[in-house]
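Everything below concerns the one structure shown next.
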Amino acid sequence: MSGTSLDGVDGVLADFSESKCKVAHYQSASLAPELRAELLALNTPGANELHRAALAANALARCYAQAVQALLQAAGTPASAVRAIGAHGQTVRHRPGAFDGTGYTLQLNNPALLAERTGIPVVADLRSRDVAAGGQGAPLVPAFHQYQFGQAGQDALVLNIGGIANLSVLRADGSVLGFDCGPGNALMDHWCQQHRGEPFDRDGAWAASGQAVPVLLQHLLGEPYLHQDPPKSTGRDLFNPQWLEQHLRQCPPAPAPDVQATLLELTASACAESAMRYKNNSKLLAVCGGGAFNGRLMARLQALLPGLHVLPTDALGLPAQQVEAAAFAWLARQCLLGLPGNLPSATGAQGARVLGAIYPA
C-alpha cells in the first residue's frame with residue numbers, strides 16, 4: 001500500500017486462516033525522491049502526462065516488487081506460499097461522478113509487471129467497479145474495519161489518518177457508515193516540506209510550537225466539502241497546495257509555525273466534528289495511519305472528544321501502520337473468493353460489488 005501521503009510503501013504478510021486478519025510480518029520501504037516528486041506532480045495537469053504516468057507506474061511496480069521480495073525474505077516465506085498480492089497503486093486523480101455522470105478514479109500501477117517480477121498473482125484496480133456502479137470508489141477500508149474491529153452489540157469508530165482522513169462508523173447492529181472527513185496529513189506535510197525541507201512534522205512538534213490562527217481556521221473550515229452529508233470522498237484534487245494558498249491570500253499573513261498549527265487544528269476539527277456527529281454510544285475512537293504517530297494531533301483529538309478514548313488501533317490488536325495494507329490484502333482476498341469488497345453505505349454504489357482485476361502469475 002502506498003497512500004495519499006506518499007510517505008512510502010507498507011507491506012504486510014496477511015494470514016486469514018483465523019476469524020480475524022493476523023499480520024505475520026510487516027515491512028516498509030521508502031519511495032525514491034524523484035518518484036515521489038513525479039507522483040505528486042501527476043496529481044495536477046501537465047505536459048506529456050500519458051508518457052510520464054506510464055513510466056511512473058513502471059517505477060512504482062518495481063518498488064512494490066522490491067518491497068514484496070524484502071517482506072518475504074524477512075519473513076522466511078517462499079513466494080509459492082502466497083495466494084496473491086493486493087496492489088492498490090497510487091491515486092493521482094479522484095473525480096467520481098464528475099464530468100460525464102460517471103467520472104473516474106485513477107491509480108497508477110502496473111500489476112502485470114508486478115506479477116512478472118514476483119511470480120505471484122496480483123489483484124489490482126480495486127476502485128473502478130464501485131465507481132461504475134455509481135459509487136465514489138472510496139473509502140473502501142470501512143468494510144475491512146468492520147471485519148477486523150467490529151463487535152456485535154457495540155458501537156465503535158475507526159479513524160484512518162493518511163494524506164486524507166476517513167472515518168468508519170461501526171454500529172452495534174452491524175451496519176456501517178464510512179466517508180472521508182477531509183484533509184489528514186497532506187497539507188501539513190506540504191507546509192513542512194516547503195518551510196523546513198522535511199517530509200513531515202515529526203510528532204507534530206513544529207505545529208505545537210505555533211498557535212492556531214482563528215480567522216484562517218474559520219476560512220479553512222468553511223470549505224463546503226466539510227459540510228456535505230456522506231457518502232462522500234475527496235483527495236488531493238481538492239485539498240492541495242493551491243487550495244491552501246487561496247485561503248492564505250484571503251487572510252492576514254501569519255508565521256509559518258502558526259499556519260502549521262492551524263493545519264493540524266483543521267484536521268483535528270474536521271475529524272472530531274465527524275466523530276461527534278456519528279458516535280452514537282461509541283466509547284472508543286481507534287486511530288490508524290500515519291496520523292496516529294502525531295502526538296500533537298492525537299492530543300488535540302482527545303481534547304476535542306472528551307467523551308471518547310482516542311487510542312491507536314494497536315489497542316485492538318492491529319498496529320496503526322499496518323491497517324491499510326491489511327485492508328487491501330483483505331480486499332484482494334474478497335476478489336479471489338468472488339465476494340463483495342465495497343459497502344454501498346460508505347461509497348454510495350448501487351449495490352455490493354466484487355472489486356478488482358486478477359493478473360495471474
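Letters A, B, ... go to the chains of the C-alpha cells in the order shown; residues in each chain start at 1; ligands are counted from 1 in the same order.
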Distance table requested - segment 164-241 of chain A against segment 264-286 of chain A, cut-off 6 Å, only C-alpha atoms: one row per qualifying residue with the closest atom pair and its distance in Å to one decimal, ordered by chain and rising residue number, as a Markdown table.
| residue | atom | partner | partner_atom | distance |
| --- | --- | --- | --- | --- |
| A:Cys181 | CA | A:Cys271 | CA | 5.8 |
| A:Pro183 | CA | A:Thr267 | CA | 5.7 |
| A:Gly184 | CA | A:Thr267 | CA | 5.6 |
Got time to write the residues from that selection, N, CA, C and O atoms, as an mmCIF file, in the first residue's frame?
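Output file again-v7.cif follows:
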data_model
loop_
_atom_site.group_PDB
_atom_site.id
_atom_site.type_symbol
_atom_site.label_atom_id
_atom_site.label_comp_id
_atom_site.auth_asym_id
_atom_site.auth_seq_id
_atom_site.Cartn_x
_atom_site.Cartn_y
_atom_site.Cartn_z
ATOM 1 N N CYS A 181 -13.441 12.395 5.935
ATOM 2 C CA CYS A 181 -13.739 13.571 6.767
ATOM 3 C C CYS A 181 -13.194 14.848 6.142
ATOM 4 O O CYS A 181 -13.787 15.923 6.288
ATOM 5 N N PRO A 183 -9.059 16.717 5.053
ATOM 6 C CA PRO A 183 -7.608 16.518 4.992
ATOM 7 C C PRO A 183 -7.091 15.744 6.194
ATOM 8 O O PRO A 183 -7.628 15.854 7.299
ATOM 9 N N GLY A 184 -6.041 14.959 5.938
ATOM 10 C CA GLY A 184 -5.343 14.287 7.025
ATOM 11 C C GLY A 184 -3.976 14.935 7.185
ATOM 12 O O GLY A 184 -3.853 16.028 7.719
#
Considering only alpha helix (DSSP H) as DSSP defines it on the backbone, what residues of segment 94-131 of chain A qualify? List them as an NGL selection string. :A and (111-118 or 128-131)
According to DSSP computed on the backbone, where in segment 129-336 of chain A is there strand (DSSP E)? Give the residues as a PDB file with all heavy atoms, in the first residue's frame.
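Listed below is the output, result25.pdb:
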ATOM      1  N   ALA A 156     -18.616   1.569  17.601  1.00  0.00           N
ATOM      2  CA  ALA A 156     -17.201   1.925  17.643  1.00  0.00           C
ATOM      3  C   ALA A 156     -16.869   2.804  16.448  1.00  0.00           C
ATOM      4  O   ALA A 156     -17.580   2.796  15.432  1.00  0.00           O
ATOM      5  CB  ALA A 156     -16.318   0.678  17.640  1.00  0.00           C
ATOM      6  N   LEU A 157     -15.796   3.562  16.549  1.00  0.00           N
ATOM      7  CA  LEU A 157     -15.327   4.445  15.485  1.00  0.00           C
ATOM      8  C   LEU A 157     -13.874   4.116  15.162  1.00  0.00           C
ATOM      9  O   LEU A 157     -13.060   3.936  16.071  1.00  0.00           O
ATOM     10  CB  LEU A 157     -15.415   5.914  15.923  1.00  0.00           C
ATOM     11  CG  LEU A 157     -16.801   6.450  16.323  1.00  0.00           C
ATOM     12  CD1 LEU A 157     -16.652   7.842  16.940  1.00  0.00           C
ATOM     13  CD2 LEU A 157     -17.723   6.491  15.126  1.00  0.00           C
ATOM     14  N   VAL A 158     -13.570   4.042  13.880  1.00  0.00           N
ATOM     15  CA  VAL A 158     -12.191   3.840  13.431  1.00  0.00           C
ATOM     16  C   VAL A 158     -11.838   4.987  12.492  1.00  0.00           C
ATOM     17  O   VAL A 158     -12.534   5.222  11.502  1.00  0.00           O
ATOM     18  CB  VAL A 158     -11.994   2.489  12.715  1.00  0.00           C
ATOM     19  CG1 VAL A 158     -10.533   2.307  12.310  1.00  0.00           C
ATOM     20  CG2 VAL A 158     -12.455   1.334  13.607  1.00  0.00           C
ATOM     21  N   LEU A 159     -10.777   5.701  12.811  1.00  0.00           N
ATOM     22  CA  LEU A 159     -10.353   6.863  12.039  1.00  0.00           C
ATOM     23  C   LEU A 159      -9.003   6.578  11.400  1.00  0.00           C
ATOM     24  O   LEU A 159      -8.020   6.338  12.113  1.00  0.00           O
ATOM     25  CB  LEU A 159     -10.262   8.089  12.950  1.00  0.00           C
ATOM     26  CG  LEU A 159      -9.765   9.395  12.326  1.00  0.00           C
ATOM     27  CD1 LEU A 159     -10.748   9.904  11.274  1.00  0.00           C
ATOM     28  CD2 LEU A 159      -9.543  10.453  13.413  1.00  0.00           C
ATOM     29  N   ASN A 160      -8.964   6.592  10.073  1.00  0.00           N
ATOM     30  CA  ASN A 160      -7.706   6.423   9.356  1.00  0.00           C
ATOM     31  C   ASN A 160      -7.200   7.799   8.933  1.00  0.00           C
ATOM     32  O   ASN A 160      -7.874   8.504   8.183  1.00  0.00           O
ATOM     33  CB  ASN A 160      -7.905   5.536   8.119  1.00  0.00           C
ATOM     34  CG  ASN A 160      -6.655   5.431   7.278  1.00  0.00           C
ATOM     35  OD1 ASN A 160      -5.596   5.072   7.781  1.00  0.00           O
ATOM     36  ND2 ASN A 160      -6.759   5.767   6.008  1.00  0.00           N
ATOM     37  N   ILE A 161      -6.033   8.197   9.423  1.00  0.00           N
ATOM     38  CA  ILE A 161      -5.459   9.491   9.058  1.00  0.00           C
ATOM     39  C   ILE A 161      -4.217   9.258   8.208  1.00  0.00           C
ATOM     40  O   ILE A 161      -3.122   9.043   8.721  1.00  0.00           O
ATOM     41  CB  ILE A 161      -5.107  10.347  10.294  1.00  0.00           C
ATOM     42  CG1 ILE A 161      -6.303  10.449  11.246  1.00  0.00           C
ATOM     43  CG2 ILE A 161      -4.667  11.734   9.855  1.00  0.00           C
ATOM     44  CD1 ILE A 161      -6.005  11.221  12.525  1.00  0.00           C
ATOM     45  N   ILE A 164      -5.370  11.892   3.439  1.00  0.00           N
ATOM     46  CA  ILE A 164      -6.757  12.268   3.693  1.00  0.00           C
ATOM     47  C   ILE A 164      -7.235  11.444   4.881  1.00  0.00           C
ATOM     48  O   ILE A 164      -6.766  10.339   5.115  1.00  0.00           O
ATOM     49  CB  ILE A 164      -7.621  11.991   2.439  1.00  0.00           C
ATOM     50  CG1 ILE A 164      -7.115  12.817   1.250  1.00  0.00           C
ATOM     51  CG2 ILE A 164      -9.086  12.260   2.695  1.00  0.00           C
ATOM     52  CD1 ILE A 164      -7.232  14.320   1.397  1.00  0.00           C
ATOM     53  N   ALA A 165      -8.171  11.983   5.659  1.00  0.00           N
ATOM     54  CA  ALA A 165      -8.704  11.261   6.827  1.00  0.00           C
ATOM     55  C   ALA A 165     -10.062  10.666   6.489  1.00  0.00           C
ATOM     56  O   ALA A 165     -10.899  11.330   5.872  1.00  0.00           O
ATOM     57  CB  ALA A 165      -8.835  12.208   8.014  1.00  0.00           C
ATOM     58  N   ASN A 166     -10.273   9.411   6.866  1.00  0.00           N
ATOM     59  CA  ASN A 166     -11.608   8.825   6.698  1.00  0.00           C
ATOM     60  C   ASN A 166     -12.062   8.141   7.972  1.00  0.00           C
ATOM     61  O   ASN A 166     -11.253   7.635   8.760  1.00  0.00           O
ATOM     62  CB  ASN A 166     -11.677   7.880   5.491  1.00  0.00           C
ATOM     63  CG  ASN A 166     -10.620   6.799   5.501  1.00  0.00           C
ATOM     64  OD1 ASN A 166     -10.391   6.138   6.484  1.00  0.00           O
ATOM     65  ND2 ASN A 166      -9.964   6.604   4.381  1.00  0.00           N
ATOM     66  N   LEU A 167     -13.363   8.168   8.178  1.00  0.00           N
ATOM     67  CA  LEU A 167     -13.979   7.650   9.404  1.00  0.00           C
ATOM     68  C   LEU A 167     -14.873   6.472   9.072  1.00  0.00           C
ATOM     69  O   LEU A 167     -15.668   6.530   8.125  1.00  0.00           O
ATOM     70  CB  LEU A 167     -14.809   8.742  10.079  1.00  0.00           C
ATOM     71  CG  LEU A 167     -15.495   8.361  11.401  1.00  0.00           C
ATOM     72  CD1 LEU A 167     -14.457   8.205  12.517  1.00  0.00           C
ATOM     73  CD2 LEU A 167     -16.545   9.405  11.783  1.00  0.00           C
ATOM     74  N   SER A 168     -14.741   5.396   9.842  1.00  0.00           N
ATOM     75  CA  SER A 168     -15.653   4.252   9.768  1.00  0.00           C
ATOM     76  C   SER A 168     -16.496   4.224  11.038  1.00  0.00           C
ATOM     77  O   SER A 168     -15.946   4.225  12.142  1.00  0.00           O
ATOM     78  CB  SER A 168     -14.880   2.936   9.636  1.00  0.00           C
ATOM     79  OG  SER A 168     -14.135   2.894   8.440  1.00  0.00           O
ATOM     80  N   VAL A 169     -17.807   4.211  10.859  1.00  0.00           N
ATOM     81  CA  VAL A 169     -18.745   4.159  11.977  1.00  0.00           C
ATOM     82  C   VAL A 169     -19.292   2.737  12.031  1.00  0.00           C
ATOM     83  O   VAL A 169     -20.058   2.322  11.159  1.00  0.00           O
ATOM     84  CB  VAL A 169     -19.882   5.184  11.792  1.00  0.00           C
ATOM     85  CG1 VAL A 169     -20.831   5.144  12.980  1.00  0.00           C
ATOM     86  CG2 VAL A 169     -19.324   6.590  11.588  1.00  0.00           C
ATOM     87  N   LEU A 170     -18.848   1.975  13.027  1.00  0.00           N
ATOM     88  CA  LEU A 170     -19.262   0.578  13.180  1.00  0.00           C
ATOM     89  C   LEU A 170     -20.382   0.539  14.211  1.00  0.00           C
ATOM     90  O   LEU A 170     -20.157   0.789  15.387  1.00  0.00           O
ATOM     91  CB  LEU A 170     -18.078  -0.279  13.635  1.00  0.00           C
ATOM     92  CG  LEU A 170     -16.757  -0.080  12.869  1.00  0.00           C
ATOM     93  CD1 LEU A 170     -15.674  -1.001  13.421  1.00  0.00           C
ATOM     94  CD2 LEU A 170     -16.950  -0.306  11.371  1.00  0.00           C
ATOM     95  N   VAL A 176     -22.765  -0.233   8.877  1.00  0.00           N
ATOM     96  CA  VAL A 176     -21.522   0.536   8.799  1.00  0.00           C
ATOM     97  C   VAL A 176     -21.754   1.787   7.955  1.00  0.00           C
ATOM     98  O   VAL A 176     -22.418   1.734   6.919  1.00  0.00           O
ATOM     99  CB  VAL A 176     -20.376  -0.290   8.168  1.00  0.00           C
ATOM    100  CG1 VAL A 176     -19.085   0.518   8.112  1.00  0.00           C
ATOM    101  CG2 VAL A 176     -20.158  -1.583   8.937  1.00  0.00           C
ATOM    102  N   LEU A 177     -21.191   2.894   8.403  1.00  0.00           N
ATOM    103  CA  LEU A 177     -21.131   4.121   7.619  1.00  0.00           C
ATOM    104  C   LEU A 177     -19.665   4.505   7.493  1.00  0.00           C
ATOM    105  O   LEU A 177     -18.907   4.351   8.462  1.00  0.00           O
ATOM    106  CB  LEU A 177     -21.908   5.245   8.309  1.00  0.00           C
ATOM    107  CG  LEU A 177     -21.901   6.621   7.634  1.00  0.00           C
ATOM    108  CD1 LEU A 177     -22.681   6.566   6.319  1.00  0.00           C
ATOM    109  CD2 LEU A 177     -22.502   7.679   8.556  1.00  0.00           C
ATOM    110  N   GLY A 178     -19.261   4.992   6.340  1.00  0.00           N
ATOM    111  CA  GLY A 178     -17.872   5.414   6.174  1.00  0.00           C
ATOM    112  C   GLY A 178     -17.776   6.544   5.174  1.00  0.00           C
ATOM    113  O   GLY A 178     -18.541   6.585   4.206  1.00  0.00           O
ATOM    114  N   PHE A 179     -16.859   7.460   5.400  1.00  0.00           N
ATOM    115  CA  PHE A 179     -16.674   8.585   4.484  1.00  0.00           C
ATOM    116  C   PHE A 179     -15.350   9.279   4.787  1.00  0.00           C
ATOM    117  O   PHE A 179     -14.775   9.104   5.856  1.00  0.00           O
ATOM    118  CB  PHE A 179     -17.830   9.587   4.599  1.00  0.00           C
ATOM    119  CG  PHE A 179     -18.012  10.156   5.990  1.00  0.00           C
ATOM    120  CD1 PHE A 179     -17.419  11.359   6.345  1.00  0.00           C
ATOM    121  CD2 PHE A 179     -18.775   9.483   6.933  1.00  0.00           C
ATOM    122  CE1 PHE A 179     -17.586  11.882   7.629  1.00  0.00           C
ATOM    123  CE2 PHE A 179     -18.939  10.002   8.216  1.00  0.00           C
ATOM    124  CZ  PHE A 179     -18.348  11.203   8.566  1.00  0.00           C
ATOM    125  N   ASP A 180     -14.897  10.082   3.832  1.00  0.00           N
ATOM    126  CA  ASP A 180     -13.702  10.907   4.028  1.00  0.00           C
ATOM    127  C   ASP A 180     -14.094  12.169   4.787  1.00  0.00           C
ATOM    128  O   ASP A 180     -14.966  12.925   4.333  1.00  0.00           O
ATOM    129  CB  ASP A 180     -13.087  11.288   2.678  1.00  0.00           C
ATOM    130  CG  ASP A 180     -12.390  10.124   1.994  1.00  0.00           C
ATOM    131  OD1 ASP A 180     -12.179   9.093   2.649  1.00  0.00           O
ATOM    132  OD2 ASP A 180     -12.064  10.252   0.799  1.00  0.00           O
ATOM    133  N   CYS A 181     -13.441  12.395   5.935  1.00  0.00           N
ATOM    134  CA  CYS A 181     -13.739  13.571   6.767  1.00  0.00           C
ATOM    135  C   CYS A 181     -13.194  14.848   6.142  1.00  0.00           C
ATOM    136  O   CYS A 181     -13.787  15.923   6.288  1.00  0.00           O
ATOM    137  CB  CYS A 181     -13.109  13.439   8.150  1.00  0.00           C
ATOM    138  SG  CYS A 181     -13.441  11.916   9.003  1.00  0.00           S
ATOM    139  N   GLY A 182     -12.048  14.757   5.501  1.00  0.00           N
ATOM    140  CA  GLY A 182     -11.364  15.929   4.973  1.00  0.00           C
ATOM    141  C   GLY A 182      -9.869  15.671   4.958  1.00  0.00           C
ATOM    142  O   GLY A 182      -9.419  14.524   4.868  1.00  0.00           O
ATOM    143  N   PRO A 183      -9.059  16.717   5.053  1.00  0.00           N
ATOM    144  CA  PRO A 183      -7.608  16.518   4.992  1.00  0.00           C
ATOM    145  C   PRO A 183      -7.091  15.744   6.194  1.00  0.00           C
ATOM    146  O   PRO A 183      -7.628  15.854   7.299  1.00  0.00           O
ATOM    147  CB  PRO A 183      -7.060  17.951   4.975  1.00  0.00           C
ATOM    148  CG  PRO A 183      -8.122  18.775   5.614  1.00  0.00           C
ATOM    149  CD  PRO A 183      -9.422  18.126   5.250  1.00  0.00           C
ATOM    150  N   LEU A 284     -14.964   4.535  22.069  1.00  0.00           N
ATOM    151  CA  LEU A 284     -13.586   4.483  21.585  1.00  0.00           C
ATOM    152  C   LEU A 284     -13.490   5.061  20.186  1.00  0.00           C
ATOM    153  O   LEU A 284     -14.337   4.802  19.335  1.00  0.00           O
ATOM    154  CB  LEU A 284     -13.111   3.017  21.561  1.00  0.00           C
ATOM    155  CG  LEU A 284     -11.737   2.729  20.953  1.00  0.00           C
ATOM    156  CD1 LEU A 284     -10.635   3.266  21.846  1.00  0.00           C
ATOM    157  CD2 LEU A 284     -11.558   1.223  20.730  1.00  0.00           C
ATOM    158  N   LEU A 285     -12.451   5.857  19.956  1.00  0.00           N
ATOM    159  CA  LEU A 285     -12.047   6.262  18.611  1.00  0.00           C
ATOM    160  C   LEU A 285     -10.673   5.640  18.374  1.00  0.00           C
ATOM    161  O   LEU A 285      -9.670   6.085  18.946  1.00  0.00           O
ATOM    162  CB  LEU A 285     -11.979   7.782  18.476  1.00  0.00           C
ATOM    163  CG  LEU A 285     -11.501   8.294  17.117  1.00  0.00           C
ATOM    164  CD1 LEU A 285     -12.527   7.994  16.023  1.00  0.00           C
ATOM    165  CD2 LEU A 285     -11.200   9.789  17.158  1.00  0.00           C
ATOM    166  N   ALA A 286     -10.639   4.592  17.555  1.00  0.00           N
ATOM    167  CA  ALA A 286      -9.387   3.898  17.253  1.00  0.00           C
ATOM    168  C   ALA A 286      -8.769   4.527  16.011  1.00  0.00           C
ATOM    169  O   ALA A 286      -9.423   4.625  14.972  1.00  0.00           O
ATOM    170  CB  ALA A 286      -9.644   2.415  17.029  1.00  0.00           C
ATOM    171  N   VAL A 287      -7.519   4.962  16.106  1.00  0.00           N
ATOM    172  CA  VAL A 287      -6.875   5.725  15.041  1.00  0.00           C
ATOM    173  C   VAL A 287      -5.777   4.894  14.387  1.00  0.00           C
ATOM    174  O   VAL A 287      -4.958   4.268  15.080  1.00  0.00           O
ATOM    175  CB  VAL A 287      -6.281   7.040  15.585  1.00  0.00           C
ATOM    176  CG1 VAL A 287      -5.678   7.867  14.449  1.00  0.00           C
ATOM    177  CG2 VAL A 287      -7.355   7.846  16.325  1.00  0.00           C
ATOM    178  N   CYS A 288      -5.756   4.894  13.047  1.00  0.00           N
ATOM    179  CA  CYS A 288      -4.693   4.213  12.312  1.00  0.00           C
ATOM    180  C   CYS A 288      -4.146   5.160  11.256  1.00  0.00           C
ATOM    181  O   CYS A 288      -4.619   6.283  11.088  1.00  0.00           O
ATOM    182  CB  CYS A 288      -5.198   2.914  11.688  1.00  0.00           C
ATOM    183  SG  CYS A 288      -6.639   3.099  10.621  1.00  0.00           S
ATOM    184  N   HIS A 309     -12.403   7.619  24.207  1.00  0.00           N
ATOM    185  CA  HIS A 309     -10.998   7.260  24.399  1.00  0.00           C
ATOM    186  C   HIS A 309     -10.344   7.232  23.019  1.00  0.00           C
ATOM    187  O   HIS A 309     -10.717   6.426  22.171  1.00  0.00           O
ATOM    188  CB  HIS A 309     -10.866   5.898  25.074  1.00  0.00           C
ATOM    189  CG  HIS A 309     -11.385   5.863  26.469  1.00  0.00           C
ATOM    190  ND1 HIS A 309     -10.792   6.544  27.507  1.00  0.00           N
ATOM    191  CD2 HIS A 309     -12.456   5.218  27.002  1.00  0.00           C
ATOM    192  CE1 HIS A 309     -11.468   6.326  28.619  1.00  0.00           C
ATOM    193  NE2 HIS A 309     -12.485   5.533  28.343  1.00  0.00           N
ATOM    194  N   VAL A 310      -9.389   8.112  22.784  1.00  0.00           N
ATOM    195  CA  VAL A 310      -8.698   8.190  21.496  1.00  0.00           C
ATOM    196  C   VAL A 310      -7.401   7.402  21.601  1.00  0.00           C
ATOM    197  O   VAL A 310      -6.483   7.781  22.332  1.00  0.00           O
ATOM    198  CB  VAL A 310      -8.420   9.656  21.106  1.00  0.00           C
ATOM    199  CG1 VAL A 310      -7.673   9.722  19.779  1.00  0.00           C
ATOM    200  CG2 VAL A 310      -9.730  10.442  21.027  1.00  0.00           C
ATOM    201  N   LEU A 311      -7.326   6.286  20.889  1.00  0.00           N
ATOM    202  CA  LEU A 311      -6.192   5.370  21.001  1.00  0.00           C
ATOM    203  C   LEU A 311      -5.802   4.852  19.621  1.00  0.00           C
ATOM    204  O   LEU A 311      -6.659   4.724  18.737  1.00  0.00           O
ATOM    205  CB  LEU A 311      -6.559   4.165  21.881  1.00  0.00           C
ATOM    206  CG  LEU A 311      -6.899   4.420  23.348  1.00  0.00           C
ATOM    207  CD1 LEU A 311      -7.499   3.165  23.958  1.00  0.00           C
ATOM    208  CD2 LEU A 311      -5.654   4.837  24.113  1.00  0.00           C
ATOM    209  N   PRO A 312      -4.537   4.511  19.403  1.00  0.00           N
ATOM    210  CA  PRO A 312      -4.154   3.833  18.158  1.00  0.00           C
ATOM    211  C   PRO A 312      -4.822   2.454  18.090  1.00  0.00           C
ATOM    212  O   PRO A 312      -5.165   1.855  19.117  1.00  0.00           O
ATOM    213  CB  PRO A 312      -2.636   3.698  18.266  1.00  0.00           C
ATOM    214  CG  PRO A 312      -2.225   4.656  19.334  1.00  0.00           C
ATOM    215  CD  PRO A 312      -3.373   4.751  20.278  1.00  0.00           C
TER     216      PRO A 312
END
Between A:Leu6, A:Ala115, A:Leu50, A:Leu238, which has the minimum distance to Gly162 of chain A (counting only C-alpha atoms)?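 Selected residue with least distance to Gly162 of chain A: A:Leu6.
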Interatomic distance, atom CA of Gly76 of chain A to atom CA of Ser28 of chain A (Å, one decimal):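 So the answer is 16.2 Å.
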Counting only C-alpha atoms, closest pick from A:Leu113, A:Ala24, A:Ala37, A:Ala349 relative to Ala138 of chain A is A:Ala349
Using only C-alpha atoms, which of the listed residues (A:Asp173, A:Asp100, A:Glu324, A:Asp189) sits closest to Asp7 of chain A?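 Once distances to Asp7 of chain A are computed over only C-alpha atoms, the minimum belongs to A:Asp189.
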Two-atom distance - atom CA of Ala172 of chain A, atom CA of Gln151 of chain A (Å):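 Atom-to-atom, atom CA of Ala172 of chain A and atom CA of Gln151 of chain A are spaced 7.2 Å apart.
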Find the residues around Leu337 of chain A up to 12 Å (only C-alpha atoms counted), leave out those fewer than 4 positions away in its own chain, and share them as a list in words.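 Contacts, in chain order: Arg83, Ala84, Val123, Trp330, Leu331, Ala332, Arg333, Gly341, Val354, Leu355, Gly356 and Ile358 of chain A.
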Could you tell me how far atom CA of Ser17 of chain A lies from atom CA of Leu336 of chain A, in Å and to one decimal? 14.8 Å
Top pick for closest residue to Val323 of chain A, considering A:Trp243, A:Tyr225, A:Trp191, A:Tyr26 and counting only C-alpha atoms: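 Using only C-alpha atoms, Val323 of chain A sits closest to A:Tyr26.
Minimum distance to Ala254 of chain A across A:Gln211, A:Val131, A:Gly137, A:Asn48 (counting only C-alpha atoms) occurs at A:Gln211.
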